[in-house]
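Trainee: This is the structure I have questions about; it appears just below.
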Amino acid sequence: MGNLSGANDLLAALAVAREPDVALQVFDEMPAHGLVPDAWTFSTLIVCHCLKNSLDDATRILDFMVENELSPSVATFTTLVNSFCRKGEMQKAFEVVGVMKKVGCEPTIQTYNCLIKGLCYVGRVEEAYEMLGKIKKESVSIEPDIYTYTAVMDGFCKVGRSPEAKELLDEALEAGLVPNVVTYNTLFNGYCKEGKPVKGFGVLKLMKERDCTPDRISYITLIHGLLKWGKIRAALRAYKEMVGDGFEVEERMSNTLLRALCKISWKERDLLDDAYQMFKKMRSTGCAIDESSYGFIIQTLSVGNRNEEALFNMEHMMTMGHSPKMISLARVLRALCREGKLGKALSVLMDERLGHPSKEVYNVIINEFNRQGRWLCACNVYGMALKQGVVPEKKPEDAKGRVSVKSRQ
DNA sequence: GACGGGAATC
C-alpha cells in the first residue's frame with residue numbers, strides 16, 4: 001500500500017466497491033506498515049462501518065475524531081446521520097446533528113433530507129413537514145431542494161394524505177424546482193394507495209407536459225392501482241399508453257390485466273374484443289401466458305359464442321404444455337355440438353395431450369350422439385370412457401331412447 | 001476526495 005495516501009485511496013475504493021470487511025482488514029494492517037491513519041482514513045472507516053450496519057462502531061470513531069480534532073467533514077457526519085435515519089433511530093440521528101453543530105459543522109440540505117426521510121419512515125410526518133417549513137423560513141444559506149419536497153410528499157402519501165402531497169408539488173413548482181420522475185411516482189403511489197387511482201392520469205399528463213418522461217415504475221404503479229380498485233377500462237388505457245411509450249409490460253401484470261379484462265367482458269361485452277386483442281398480442285410477443293389466463297380467455301370466447309377461436313386457443317394451450325380445465329373443455333365441446341361440429345369436438349376428445357377427460361366431457365359427446373340417434377358411436381365413446389376408468393352419467397340410448405348399458409354400482 | 005428519492009409480485 002506504500003504511503004498513507006495510497007492506503008487511503010485503497011480504503012476508499014473498497015468502500016465504493018461495497019467491501020467493508022476487506023477495508024477493515026487493510027486498516028488493521030496499516031500500523032505494521034508504519035502508517036498513521038489521518039482524518040480521511042477514519043472517515044472512510046466510518047463509511048465502512050455504516051455499510052456493515054455497525055453504527056455503534058461508526059459513532060465511536062466519529063467521537064474519537066471529534067475529541068482529537070480530526071474534524072470530520074459534513075459528508076462524514078451526513079453518512080452517519082443517514083444510516084441512523086434509515087434504521088429509524090431518530091434520537092441517535094439527532095444526537096449526531098447535535099455534535100455537528102457543536103463543532104461548527106453546518107448541516108447541508110442533504111443532512112436535513114436524511115432527517116426528513118427518517119421522520120417520515122417512523123411516522124412522524126408532521127415533524128418532517130415542520131422541518132421543511134423551518135428550512136424555508138429560518139435558514140439563509142440552505143434551501144429545500146426537490147429531494148426535500150419529494151421526501152415530505154412521500155411521507156404524506158404513505159399515510160393517506162395525497163392532497164397535501166399534491167399541494168407540496170405545486171409549491172415546489174412555484175419555487176422553481178424541477179420535479180423528477182421519482183417526485184411524480186410518489187404521487188402515483190399515494191393516489192393508488194388511497195383508492196383514487198384515476199387521478200394518476202392527471203399526474204401522467206402533468207409530468208409529460210413538464211417534459212418529465214414516465215418510467216416503468218410510473219406505469220406499473222398506476223396500472224397496479226387501477227387494477228386493485230377495479231378500474232379495468234382505465235387500466236387497459238394505461239397499459240396501451242405504456243406499450244405506446246415503448247415499455248415492456250411484465251408478464252405477471254399482463255396476465256393479471258388480461259384476466260381482469262376477461263372477467264369484466266362477460267358483463268360488458270364490448271370489452272371482449274379488447275381482451276382477445278390483448279391476448280393475441282401477448283401470444284405473438286412471446287409473453288408467457290398462465291394456464292389460468294388461458295382458461296379465462298377460452299371461457300371469454302365461449303361466452304361470446306366464438307367457439308372456433310375458443311377451440312383453436314384450447315389446442316394452442318395444449319401445444320404449450322398446459323391442460324385445459326375440464327369444465328372449459330366441456331363448455332367448448334357443448335358449444336361445438338350446438339353448432340353441429342361434432343367431428344371437431346370428437347377430434348379434441350381424442351387428442352392424446354388432453355390426458356384424462358372428465359366424465360362431464362364424455363357426457364357432452366355421448367349426449368350429442370344420443371340426440372342424433374347414433375347409438376353405436378355413443379357406445380364407442382362410452383367404452384372409451386370406461387377404459388379410462390371414468391363412468392359417464394350419460395348412457396348410450398337406442399333409437400327409442402332406451403338406455404342400453406346398465407349402470408354399475 | 002465520500003453523503004440524499006420511488007413500485008409491484010395471482
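Order determines the names: the first chain of the C-alpha cells is A, the second B, and so forth; residues in each chain are numbered 1 upward, and ligands are numbered 1 upward as they are shown.
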With 6 Å as the cut-off and only C-alpha atoms (C1' of nucleotides) counted, what is the closest atom pair between each nearby residue of chain B and chain A? Distances in Å to one decimal, ordered by chain and number, as a tab-separated table.
Mentor:
```
residue	atom	partner	partner_atom	distance
B:DC3	C1'	A:Ala75	CA	4.6
B:DG4	C1'	A:Gln110	CA	5.2
B:DG6	C1'	A:Val182	CA	4.9
B:DA7	C1'	A:Thr221	CA	5.2
```
Trainee: Let's have the selection written as a CSV table (one decimal), in the first residue's frame, with C-alpha atoms (C1' of nucleotides).
Mentor:
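To be explicit, this is the file written out as selection18.csv:
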```csv
chain,number,residue,atom,x,y,z
B,3,DC,C1',-23.2,11.6,1.9
B,4,DG,C1',-29.7,12.0,-0.1
B,6,DG,C1',-39.9,5.9,-5.9
B,7,DA,C1',-43.5,0.4,-7.4
```
Trainee: For A:Ile142, list every protein, DNA or RNA residue within 9 Å, evaluated using only C-alpha atoms (C1' of nucleotides), and leave out those in the same chain fewer than 3 positions away; present the list as a list in words.
Mentor: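 Those residues are Pro107, Thr108, Ile109, Ile135, Lys136, Glu138 and Ser139 of chain A.
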Trainee: May I have the residues from that selection written out with N, CA, C and O atoms, as a compact mmCIF listing (two decimals), in the first residue's frame?
Mentor:
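And here is the file that came out, out07.txt:
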```
# COMPACT_ATOMS: atom_id res chain seq x y z
N PRO A 107 -24.92 21.59 8.95
CA PRO A 107 -25.59 20.56 8.14
C PRO A 107 -25.94 21.13 6.76
O PRO A 107 -26.23 22.32 6.65
N THR A 108 -25.92 20.29 5.77
CA THR A 108 -26.35 20.71 4.43
C THR A 108 -27.80 20.28 4.22
O THR A 108 -28.39 19.61 5.07
N ILE A 109 -28.33 20.64 3.07
CA ILE A 109 -29.70 20.24 2.75
C ILE A 109 -29.79 18.71 2.71
O ILE A 109 -30.82 18.12 3.07
N ILE A 135 -36.73 25.03 7.40
CA ILE A 135 -35.64 25.26 6.44
C ILE A 135 -35.99 26.44 5.54
O ILE A 135 -35.15 27.30 5.25
N LYS A 136 -37.27 26.48 5.13
CA LYS A 136 -37.70 27.56 4.24
C LYS A 136 -37.56 28.91 4.93
O LYS A 136 -37.09 29.88 4.35
N GLU A 138 -36.17 29.79 8.22
CA GLU A 138 -35.08 30.25 9.09
C GLU A 138 -33.70 30.31 8.45
O GLU A 138 -32.90 31.17 8.78
N SER A 139 -33.43 29.37 7.58
CA SER A 139 -32.04 29.32 7.15
C SER A 139 -31.80 30.27 5.98
O SER A 139 -32.66 30.51 5.13
```
Trainee: Near stretch 352-366 of chain A, counting only C-alpha atoms (C1' of nucleotides), which residues have an atom at most 12 Å away, once you skip same-chain residues fewer than 6 positions from it, shown as a ChimeraX atom specification?
Mentor: /A:314-338,340-346,372-398,403
Trainee: Interatomic distance between atom C1' of B:DA2 and atom CA of A:Lys134?
Mentor: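 Separating atom C1' of B:DA2 from atom CA of A:Lys134 is a distance of 27.4 Å.
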Trainee: Apply DSSP to the structure's backbone, then extract all residues of stretch 86-131 of chain A labelled alpha helix (DSSP H) and return them as a ChimeraX atom specification.
Mentor: /A:86,90-102,109-121,125-131
Trainee: To one decimal place in Å, what is the distance between atom CA of A:Val26 and atom CA of A:Val96?
Mentor: 26.9 Å
